[in-house]
$ cat coords.cif   # mmCIF, C-alpha atoms
data_work
#
loop_
_atom_site.label_atom_id
_atom_site.label_comp_id
_atom_site.auth_asym_id
_atom_site.auth_seq_id
_atom_site.Cartn_x
_atom_site.Cartn_y
_atom_site.Cartn_z
CA LEU A 1 18.83 -41.09 34.60
CA THR A 2 21.01 -38.43 36.27
CA LYS A 3 18.08 -37.27 38.40
CA ARG A 4 17.18 -40.88 39.10
CA ARG A 5 20.73 -41.58 40.25
CA ASP A 6 20.70 -38.55 42.54
CA ARG A 7 17.56 -39.62 44.34
CA MET A 8 17.63 -43.44 44.11
CA ASP A 9 18.62 -45.00 47.44
CA PHE A 10 19.68 -48.63 47.75
CA GLU A 11 16.20 -49.93 48.60
CA THR A 12 14.65 -48.23 45.58
CA PHE A 13 17.49 -49.47 43.39
CA GLN A 14 16.93 -53.09 44.52
CA LYS A 15 13.24 -53.04 43.60
CA ALA A 16 13.80 -51.33 40.26
CA PHE A 17 16.71 -53.58 39.27
CA ALA A 18 14.76 -56.75 40.18
CA GLN A 19 11.74 -55.68 38.15
CA ASP A 20 13.73 -54.58 35.11
CA VAL A 21 15.97 -57.66 35.00
CA GLU A 22 12.98 -59.98 35.39
CA GLU A 23 11.21 -58.25 32.47
CA LYS A 24 14.30 -58.49 30.26
CA MET A 25 14.66 -62.22 30.98
CA ASN A 26 10.96 -62.86 30.31
CA ASP A 27 11.25 -60.95 27.01
CA ARG A 28 14.08 -63.35 26.05
CA GLY A 29 11.85 -66.36 26.65
CA TYR A 30 12.93 -67.29 30.21
CA ASP A 31 10.15 -67.84 32.73
CA VAL A 32 11.91 -66.49 35.82
CA THR A 33 11.21 -64.77 39.10
CA ALA A 34 13.66 -62.21 40.50
CA THR A 35 13.69 -61.61 44.25
CA VAL A 36 16.01 -59.73 46.60
CA LYS A 37 17.58 -61.80 49.38
CA GLU A 38 20.64 -61.91 51.62
CA ALA A 39 23.24 -64.34 50.32
CA GLU A 40 25.41 -65.98 52.98
CA LEU A 41 29.05 -66.53 52.07
CA PRO A 42 32.16 -67.28 54.11
CA ASN A 43 33.54 -64.05 55.62
CA GLY A 44 30.32 -62.14 55.02
CA GLY A 45 27.41 -62.16 52.64
CA TYR A 46 25.86 -59.64 50.29
CA THR A 47 22.48 -58.41 49.08
CA ALA A 48 21.64 -60.57 46.09
CA LEU A 49 19.17 -60.55 43.25
CA ASN A 50 18.17 -64.20 43.09
CA VAL A 51 16.81 -65.11 39.67
CA THR A 52 15.12 -68.51 39.61
CA GLU A 53 13.43 -70.43 36.81
CA LYS A 54 9.83 -71.47 37.21
CA ASP A 55 10.60 -75.03 38.35
CA GLY A 56 12.73 -73.58 41.15
CA LEU A 57 15.63 -75.96 40.52
CA ILE A 58 17.89 -73.50 38.73
CA GLY A 59 18.79 -70.18 40.35
CA MET A 60 21.53 -67.59 40.00
CA ASN A 61 22.59 -64.64 42.12
CA ILE A 62 23.66 -61.13 41.12
CA ASN A 63 25.52 -59.03 43.68
CA LEU A 64 23.37 -55.92 44.16
CA ASP A 65 25.87 -54.27 46.49
CA GLU A 66 28.40 -54.16 43.66
CA ARG A 67 25.84 -53.11 41.03
CA TYR A 68 24.59 -50.25 43.18
CA GLN A 69 28.14 -49.00 43.69
CA ASP A 70 28.67 -49.11 39.91
CA PHE A 71 25.43 -47.16 39.49
CA LYS A 72 26.58 -44.50 41.97
CA ASP A 73 29.92 -44.32 40.14
CA GLY A 74 28.13 -43.35 36.94
CA VAL A 75 27.60 -46.59 35.02
CA ASP A 76 24.50 -46.32 32.79
CA TYR A 77 21.52 -48.04 34.43
CA GLY A 78 20.15 -49.44 31.17
CA ILE A 79 23.51 -50.94 30.25
CA MET A 80 23.75 -52.49 33.73
CA THR A 81 20.38 -54.29 33.43
CA ARG A 82 21.23 -55.51 29.93
CA ILE A 83 24.60 -56.88 31.09
CA ALA A 84 22.90 -58.60 34.01
CA ALA A 85 20.41 -60.26 31.65
CA ASP A 86 23.27 -61.36 29.35
CA GLU A 87 25.12 -62.94 32.29
CA LEU A 88 21.99 -64.74 33.49
CA GLU A 89 21.19 -66.06 30.01
CA GLU A 90 24.72 -67.37 29.59
CA GLY A 91 24.59 -68.99 33.01
CA PHE A 92 21.24 -70.68 32.44
CA ASN A 93 22.42 -72.02 29.08
CA MET A 94 25.58 -73.47 30.62
CA LEU A 95 23.84 -75.22 33.52
CA ASP A 96 22.87 -78.84 33.13
CA ARG A 97 19.32 -78.91 34.47
CA ALA A 98 19.29 -82.65 35.10
CA GLU A 99 22.59 -82.37 36.95
CA MET A 100 21.43 -79.43 39.06
CA ALA A 101 18.24 -81.29 39.98
CA SER A 102 20.20 -84.35 41.04
CA LEU A 103 22.70 -82.31 43.07
CA SER A 104 19.97 -81.19 45.44
CA THR A 105 18.44 -84.63 46.01
CA ASP A 106 20.75 -87.46 44.87
CA TYR A 107 23.75 -88.02 47.13
CA ASN A 108 25.32 -90.49 44.70
CA ALA A 109 25.56 -87.65 42.19
CA VAL A 110 27.34 -85.51 44.80
CA LYS A 111 29.65 -87.95 46.55
CA ASP A 112 32.46 -87.84 43.98
CA LYS A 113 32.32 -84.04 43.76
CA LEU A 114 32.90 -83.30 47.45
CA SER A 115 35.71 -81.05 48.62
CA LEU A 116 36.71 -79.23 51.81
CA GLU A 117 37.11 -75.60 52.82
CA VAL A 118 38.32 -74.11 56.10
CA ILE A 119 36.86 -70.80 57.24
CA SER A 120 36.97 -68.59 60.33
CA THR A 121 34.49 -69.71 62.97
CA GLU A 122 34.21 -66.22 64.49
CA LYS A 123 33.52 -64.47 61.18
CA ASN A 124 30.92 -67.01 60.06
CA LYS A 125 28.74 -67.70 63.08
CA GLU A 126 25.45 -67.19 61.25
CA LEU A 127 26.52 -69.16 58.19
CA LEU A 128 27.69 -72.09 60.31
CA GLU A 129 24.19 -72.43 61.78
CA THR A 130 22.96 -73.45 58.32
CA VAL A 131 25.71 -75.84 57.18
CA PRO A 132 27.27 -79.07 58.49
CA HIS A 133 30.76 -78.39 59.77
CA GLU A 134 33.61 -79.66 61.95
CA GLN A 135 35.57 -77.55 64.42
CA MET A 136 39.35 -77.23 64.04
CA GLU A 137 40.71 -74.86 66.69
CA ASP A 138 39.16 -71.45 65.81
CA MET A 139 38.45 -72.59 62.24
CA SER A 140 35.57 -74.61 60.83
CA VAL A 141 35.74 -77.24 58.12
CA VAL A 142 32.81 -76.97 55.69
CA TYR A 143 31.95 -79.05 52.65
CA ARG A 144 31.46 -78.08 49.01
CA VAL A 145 30.15 -79.71 45.86
CA ARG A 146 32.32 -78.97 42.83
CA LEU A 147 30.31 -77.93 39.76
CA SER A 148 32.95 -76.90 37.25
CA GLU A 149 36.55 -75.80 37.22
CA LYS A 150 38.27 -73.16 35.10
CA GLU A 151 41.72 -71.62 35.31
CA ASN A 152 42.16 -70.14 38.81
CA GLN A 153 38.41 -70.41 39.35
CA LEU A 154 36.20 -73.05 40.92
CA ASP A 155 32.42 -73.06 40.71
CA SER A 156 31.01 -74.91 43.68
CA ILE A 157 28.13 -74.83 46.12
CA LEU A 158 28.25 -75.09 49.90
CA VAL A 159 26.53 -78.15 51.36
CA THR A 160 23.72 -76.95 53.64
CA ASN A 161 21.76 -78.66 56.39
CA SER A 162 18.71 -78.80 54.13
CA MET A 163 20.73 -80.52 51.39
CA LEU A 164 21.98 -83.02 53.97
CA GLU A 165 18.38 -83.73 54.94
CA ASN A 166 17.41 -84.22 51.29
CA TYR A 167 20.28 -86.67 50.82
CA GLY A 168 19.16 -88.70 53.82
CA ILE A 169 22.67 -89.01 55.24
CA THR A 170 24.41 -88.00 58.46
CA ALA A 171 27.00 -85.27 58.87
CA ASP A 172 29.50 -87.99 59.83
CA GLN A 173 29.01 -89.76 56.51
CA LEU A 174 29.38 -86.47 54.63
CA LYS A 175 32.62 -85.79 56.49
CA ALA A 176 34.03 -89.27 55.85
CA ASP A 177 33.23 -89.14 52.13
CA ALA A 178 34.61 -85.63 51.75
CA LEU A 179 37.86 -86.58 53.52
CA GLU A 180 38.25 -89.54 51.17
CA ASN A 181 37.33 -87.68 47.97
CA ALA A 182 38.92 -84.24 48.37
CA PRO A 183 42.57 -85.38 48.27
CA LYS A 184 41.83 -87.29 45.05
CA VAL A 185 40.07 -84.40 43.31
CA PHE A 186 42.36 -81.68 44.66
CA PRO A 187 45.72 -83.22 45.60
CA VAL A 188 47.98 -81.39 48.06
CA GLU A 189 50.88 -79.32 46.77
CA VAL A 190 53.67 -78.28 49.16
CA LYS A 191 56.38 -76.12 47.62
CA GLY A 192 59.27 -74.22 49.13
CA MET A 193 58.68 -70.47 49.40
CA THR A 194 61.86 -69.88 47.40
CA GLU A 195 60.55 -72.08 44.59
CA VAL A 196 57.22 -70.24 44.53
CA LEU A 197 58.82 -66.80 44.50
CA ALA A 198 61.49 -67.79 41.97
CA ASP A 199 58.83 -69.09 39.60
CA SER A 200 56.90 -65.80 39.78
CA MET A 201 60.10 -63.81 39.21
CA GLY A 202 61.44 -65.90 36.33
CA MET A 203 64.44 -67.12 38.33
CA THR A 204 65.70 -70.46 39.54
CA PRO A 205 65.32 -71.33 43.23
CA GLU A 206 69.11 -71.57 43.50
CA GLU A 207 69.57 -68.05 42.12
CA LEU A 208 67.06 -66.63 44.59
CA SER A 209 68.09 -68.57 47.68
CA GLY A 210 71.85 -68.18 47.32
CA GLY A 211 72.22 -71.67 48.70
CA GLN A 212 70.37 -70.93 51.95
CA PRO A 213 68.24 -73.82 53.29
CA GLU A 214 64.46 -73.56 52.94
CA ILE A 215 62.52 -72.90 56.15
CA MET A 216 59.16 -71.75 54.70
CA TYR A 217 56.78 -73.70 52.48
CA VAL A 218 53.46 -72.94 50.76
CA ALA A 219 50.71 -75.57 50.98
CA SER A 220 47.61 -75.50 48.79
CA VAL A 221 45.96 -77.31 45.87
CA GLU A 222 46.96 -77.10 42.24
CA ASN A 223 44.58 -74.29 41.22
CA ARG A 224 45.15 -72.35 44.47
CA VAL A 225 41.37 -72.02 45.07
CA LYS A 226 40.25 -72.62 48.67
CA GLY A 227 43.48 -74.57 49.14
CA ALA A 228 43.73 -73.96 52.88
CA GLY A 229 41.31 -76.87 53.18
CA VAL A 230 44.31 -79.21 52.89
CA LEU A 231 44.77 -78.61 56.63
CA ALA A 232 41.87 -81.00 57.21
CA TYR A 233 43.10 -83.70 54.82
CA PRO A 234 43.92 -87.05 56.44
CA ASP A 235 47.69 -87.41 57.05
CA PHE A 236 48.45 -83.90 55.75
CA LEU A 237 50.07 -82.76 59.00
CA GLU A 238 52.13 -85.94 59.36
CA ASP A 239 53.27 -85.81 55.72
CA ALA A 240 54.19 -82.13 56.05
CA ALA A 241 56.18 -82.86 59.21
CA GLU A 242 58.13 -85.51 57.33
CA LYS A 243 58.85 -83.09 54.48
CA LEU A 244 59.92 -80.28 56.81
CA GLY A 245 61.85 -82.59 59.11
CA GLY A 246 59.85 -82.16 62.31
CA ASP A 247 57.65 -79.60 64.09
CA PHE A 248 56.34 -76.60 62.18
CA TYR A 249 54.13 -73.54 62.46
CA VAL A 250 51.10 -72.91 60.25
CA LEU A 251 50.37 -69.35 59.13
CA PRO A 252 46.94 -68.87 57.50
CA SER A 253 47.94 -66.85 54.43
CA SER A 254 44.31 -66.91 53.20
CA ILE A 255 41.46 -69.35 52.57
CA HIS A 256 43.40 -70.31 49.43
CA GLU A 257 46.78 -71.32 50.88
CA ILE A 258 48.73 -71.70 54.10
CA ILE A 259 52.39 -71.15 54.94
CA LEU A 260 54.40 -73.75 56.85
CA VAL A 261 57.43 -72.57 58.85
CA LYS A 262 59.98 -74.94 60.34
CA ASP A 263 60.06 -74.72 64.12
CA GLU A 264 63.74 -74.21 64.86
CA GLY A 265 63.14 -72.02 67.89
CA GLN A 266 63.68 -68.81 65.93
CA PHE A 267 60.15 -67.38 66.37
CA SER A 268 57.79 -66.83 69.27
CA SER A 269 54.04 -67.31 68.86
CA LYS A 270 53.54 -63.56 69.39
CA GLU A 271 55.95 -62.68 66.58
CA LEU A 272 54.23 -65.06 64.18
CA GLU A 273 50.75 -63.89 65.12
CA ASP A 274 51.80 -60.27 64.59
CA MET A 275 53.00 -61.24 61.11
CA VAL A 276 49.64 -62.83 60.26
CA ILE A 277 47.69 -59.83 61.55
CA ASP A 278 49.88 -57.40 59.61
CA VAL A 279 49.59 -59.33 56.33
CA ASN A 280 45.81 -59.71 56.70
CA ALA A 281 45.41 -56.00 57.37
CA SER A 282 47.64 -54.82 54.53
CA VAL A 283 47.55 -57.44 51.77
CA VAL A 284 44.75 -60.01 51.96
CA ASN A 285 41.25 -59.18 50.72
CA PRO A 286 38.81 -59.43 53.67
CA LYS A 287 36.75 -61.97 51.69
CA ASP A 288 39.83 -64.22 51.45
CA GLN A 289 41.06 -63.91 55.03
CA LEU A 290 41.10 -67.01 57.21
CA THR A 291 42.11 -66.07 60.77
CA ASP A 292 44.62 -63.89 62.60
CA THR A 293 45.96 -66.91 64.47
CA ALA A 294 49.30 -68.70 64.18
CA TYR A 295 49.18 -72.48 64.70
CA HIS A 296 51.71 -75.20 65.52
CA TYR A 297 52.01 -78.91 64.78
CA ASP A 298 53.82 -81.08 67.31
CA SER A 299 55.16 -84.00 65.27
CA LYS A 300 56.05 -86.08 68.34
CA ASP A 301 52.74 -85.81 70.15
CA HIS A 302 50.74 -85.41 66.89
CA ILE A 303 48.94 -82.30 68.15
CA PHE A 304 47.70 -79.40 66.01
CA GLU A 305 46.95 -76.34 68.14
CA LYS A 306 47.28 -72.59 68.39
CA ALA A 307 50.92 -71.53 68.64
CA ASP A 308 50.45 -69.78 71.98
CA ARG A 309 48.78 -72.89 73.37
CA PHE A 310 51.79 -74.94 72.19
CA GLU A 311 54.15 -72.61 74.05
CA GLN A 312 51.98 -72.85 77.15
CA ARG A 313 51.93 -76.64 76.89
CA MET A 314 55.72 -76.75 76.54
CA THR A 315 56.09 -74.47 79.57
CA GLU A 316 53.76 -76.71 81.57
CA LYS A 317 55.60 -79.82 80.37
CA ALA A 318 58.97 -78.30 81.36
CA ALA A 319 57.57 -77.34 84.76
CA GLN A 320 56.23 -80.87 85.19
CA LYS A 321 59.59 -82.37 84.29
CA ASN A 322 61.33 -80.01 86.69
CA ALA A 323 58.91 -80.95 89.45
CA GLU A 324 59.52 -84.63 88.75
CA LYS A 325 63.29 -84.08 88.92
CA ILE A 326 62.96 -82.25 92.24
CA ALA A 327 60.71 -85.01 93.57
CA ALA A 328 63.22 -87.60 92.35
CA ARG A 329 66.08 -85.77 94.07
CA LYS A 330 64.08 -85.56 97.29
CA SER A 331 63.34 -89.24 96.99
CA GLU A 332 67.02 -89.96 96.42
CA ARG A 333 67.96 -87.86 99.46
CA VAL A 334 65.43 -89.68 101.60
CA SER A 335 66.71 -92.96 100.24
CA ASP A 336 70.30 -91.88 100.96
CA LYS A 337 69.33 -90.88 104.51
CA ASP A 338 67.59 -94.18 105.05
CA SER A 339 70.58 -96.01 103.61
CA LEU A 340 72.95 -94.03 105.83
CA ARG A 341 70.75 -94.63 108.86
CA ASP A 342 70.62 -98.35 108.10
CA SER A 343 74.36 -98.37 107.57
CA LEU A 344 74.96 -96.62 110.92
CA LYS A 345 72.60 -98.99 112.65
CA ASP A 346 74.40 -101.92 111.08
CA LYS A 347 77.78 -100.54 112.17
CA LYS A 348 76.52 -99.93 115.70
CA SER A 349 75.14 -103.44 115.80
CA LYS A 350 78.45 -104.87 114.68
CA VAL A 351 80.31 -102.75 117.26
CA LYS A 352 78.02 -104.01 119.98
CA GLN A 353 78.54 -107.55 118.83
CA LYS A 354 82.31 -107.06 118.94
CA GLU A 355 82.06 -105.46 122.35
CA ALA A 356 79.98 -108.36 123.60
CA LYS A 357 82.48 -110.88 122.27
CA ALA A 358 85.35 -108.96 123.85
CA SER A 359 83.51 -108.94 127.17
CA ASP A 360 83.00 -112.70 127.02
CA VAL A 361 86.69 -113.21 126.38
CA VAL A 362 87.59 -111.06 129.37
CA LYS A 363 85.21 -112.94 131.56
CA LYS A 364 86.58 -116.28 130.45
CA ASN A 365 90.16 -115.11 131.04
CA ARG A 366 89.26 -113.90 134.50
CA GLY A 367 87.60 -117.20 135.26
CA GLY A 368 90.71 -119.09 134.24
CA GLU A 369 92.90 -117.07 136.59
CA THR A 370 90.86 -117.92 139.72
CA ARG A 371 91.11 -121.62 139.21
#

$ encode --input "coords.cif" --output "structure tokens"
Amino acid sequence: LTKRRDRMDFETFQKAFAQDVEEKMNDRGYDVTATVKEAELPNGGYTALNVTEKDGLIGMNINLDERYQDFKDGVDYGIMTRIAADELEEGFNMLDRAEMASLSTDYNAVKDKLSLEVISTEKNKELLETVPHEQMEDMSVVYRVRLSEKENQLDSILVTNSMLENYGITADQLKADALENAPKVFPVEVKGMTEVLADSMGMTPEELSGGQPEIMYVASVENRVKGAGVLAYPDFLEDAAEKLGGDFYVLPSSIHEIILVKDEGQFSSKELEDMVIDVNASVVNPKDQLTDTAYHYDSKDHIFEKADRFEQRMTEKAAQKNAEKIAARKSERVSDKDSLRDSLKDKKSKVKQKEAKASDVVKKNRGGETR
């Protein structure tokens, strides 16, 4: 096996692993076919060993990129194939075949299991060509079918265009049903950052905050899995604005949660975006990253947009207001000039009238003297 490890490249490993795992599963009484394929996932896919039962309805993937790295790191090849077979057997035994069959063809079986996820549009161009989605700034809203839920883990499948075709529904109907169902299945949770940190540190929020008011909040779902999807929930932005007391910024902490920051004029869009970029680069796993963009919600105009676009819009609005004020002043000056001109004309007219009357009096007096 040492010699085999020294000379086995990834392509050779894929073929050998597929053949050996398929044989092990067949020996255990499972009629399966193992094939190598590229699995598409948000934020990048992987080379997968897809093991499918004969009827083609039930299939499971094994990440060959990870297994090959384990192999190169010295893990015994025979143990690896046996573990893979154990995992597949457990998975096949847990899956409800009737349910899996209905999930691919029966929309009524799917409708109450729909949820939302937001992902980076730029990082998932190829994936987005294969799934129904809705654009939200530089993010895309995609739809998932929940299979099972464990602690801090959610098993779900991404709704694809082919599934949509099998269901015989439109993308608009899928969107409407997902928007209605997701908040029921995965309700929104918005907690103050102090509360979240205090809980993880075994302290009370009051002890940690020292009485300082909260300006940052964490928004997600209860199990913190793909919780950034709450951004697309109906009324989420309006409800968050009410809780925070007005406008706020949205920082994409990850695909699992977002951070809301009160807009009290203390940050620029550049400062916030630099924070997001720094955290993504140093803390967040690339597979869990959302975007490097900071966003803003305008609670008065009900507009969700990139933070830099908000600043630009405010600058344009201020310039427009200034231009309107200048125009109003000009109009007032013109009006004042016209009023002054009319007033002068009126005064001149009255003077002329007085002069005319005075002239008539003089003429009358002169006439009286000659008689």

$ atom_distance --input "coords.cif" --atom1 "atom CA of A:Glu122" --atom2 "atom CA of A:Asp239"
28.7 Å

$ resolve_selection --input "coords.cif" --expression "the PyMOL selection byres ((chain A and resi 179-193) around 8)" --output "PyMOL selection string"
chain A and resi 111-116+175-178+194-197+214-222+230+232-234+240

$ resolve_selection --input "coords.cif" --expression "the PyMOL selection byres ((chain A and resi 306) around 10)" --output "VMD selection string"
chain A and resid 137 to 138 249 to 250 269 273 293 to 297 303 to 305 307 to 312

$ resolve_selection --input "coords.cif" --expression "the PyMOL selection byres ((chain A and resi 62) around 10)" --output "MDAnalysis selection string"
chainID A and resid 18 36 39 46:51 60:61 63:67 84 87:88

$ atom_distance --input "coords.cif" --atom1 "atom CA of A:Thr52" --atom2 "atom CA of A:Phe13"
19.6 Å

$ residues_near_point --input "coords.cif" --point "(9.1, -70.2, 33.2)" --cutoff "10 Å" --atoms "only C-alpha atoms" --output "list in words"
Met25, Asn26, Gly29, Tyr30, Asp31, Val32, Thr33, Thr52, Glu53, Lys54, Asp55 and Gly56 of chain A

$ atom_distance --input "coords.cif" --atom1 "atom CA of A:Tyr167" --atom2 "atom CA of A:Val142"
16.6 Å

$ closest_residue --input "coords.cif" --among "A:Gln173, A:Asn166, A:Thr204, A:Asn124" --to "A:Thr105" --atoms "only C-alpha atoms"
A:Asn166

$ residues_around --input "coords.cif" --residues "A:Val21" --least-positions-apart "4" --cutoff "8 Å" --atoms "all atoms listed in the file" --output "PyMOL selection string"
chain A and resi 17+25+34+81-82+84-85

$ axis_aligned_box --input "coords.cif" --around "stretch 242-249 of chain A" --padding-each-side "8 Å" --output "lines of an AutoDock Vina configuration file"
center_x = 58.0
center_y = -79.5
center_z = 59.3
size_x = 23.7
size_y = 28.0
size_z = 25.6

$ closest_residue --input "coords.cif" --among "A:Asn43, A:Asn223, A:Asn108, A:Asn280" --to "A:Glu126" --atoms "all atoms listed in the file"
A:Asn43

$ closest_residue --input "coords.cif" --among "A:Glu40, A:Asp278, A:Thr170, A:Ala228" --to "A:Ile259" --atoms "all atoms listed in the file"
A:Ala228

$ residues_around --input "coords.cif" --residues "A:Lys125" --least-positions-apart "3" --cutoff "12 Å" --atoms "all atoms listed in the file" --output "PyMOL selection string"
chain A and resi 40-45+119-122+128-131+133+138-140

$ write_last_selection --input "coords.cif" --atoms "C-alpha atoms" --output "PDB file, keeping the file's coordinate frame"
ATOM      1  CA  GLU A  40      25.410 -65.980  52.980  1.00  0.00           C
ATOM      2  CA  LEU A  41      29.050 -66.530  52.070  1.00  0.00           C
ATOM      3  CA  PRO A  42      32.160 -67.280  54.110  1.00  0.00           C
ATOM      4  CA  ASN A  43      33.540 -64.050  55.620  1.00  0.00           C
ATOM      5  CA  GLY A  44      30.320 -62.140  55.020  1.00  0.00           C
ATOM      6  CA  GLY A  45      27.410 -62.160  52.640  1.00  0.00           C
ATOM      7  CA  ILE A 119      36.860 -70.800  57.240  1.00  0.00           C
ATOM      8  CA  SER A 120      36.970 -68.590  60.330  1.00  0.00           C
ATOM      9  CA  THR A 121      34.490 -69.710  62.970  1.00  0.00           C
ATOM     10  CA  GLU A 122      34.210 -66.220  64.490  1.00  0.00           C
ATOM     11  CA  LEU A 128      27.690 -72.090  60.310  1.00  0.00           C
ATOM     12  CA  GLU A 129      24.190 -72.430  61.780  1.00  0.00           C
ATOM     13  CA  THR A 130      22.960 -73.450  58.320  1.00  0.00           C
ATOM     14  CA  VAL A 131      25.710 -75.840  57.180  1.00  0.00           C
ATOM     15  CA  HIS A 133      30.760 -78.390  59.770  1.00  0.00           C
ATOM     16  CA  ASP A 138      39.160 -71.450  65.810  1.00  0.00           C
ATOM     17  CA  MET A 139      38.450 -72.590  62.240  1.00  0.00           C
ATOM     18  CA  SER A 140      35.570 -74.610  60.830  1.00  0.00           C
TER      19      SER A 140
END

$ residues_around --input "coords.cif" --residues "A:Lys300" --least-positions-apart "5" --cutoff "12 Å" --atoms "only C-alpha atoms" --output "count of residues only"
8

$ closest_residue --input "coords.cif" --among "A:Val118, A:Leu147, A:Leu290, A:Ala328" --to "A:Gln135" --atoms "all atoms listed in the file"
A:Val118

$ closest_residue --input "coords.cif" --among "A:Glu89, A:Glu22, A:Asp288, A:Asp155" --to "A:His256" --atoms "all atoms listed in the file"
A:Asp288

$ closest_residue --input "coords.cif" --among "A:Glu117, A:Asp9, A:Asp172, A:Glu257" --to "A:Lys72" --atoms "only C-alpha atoms"
A:Asp9
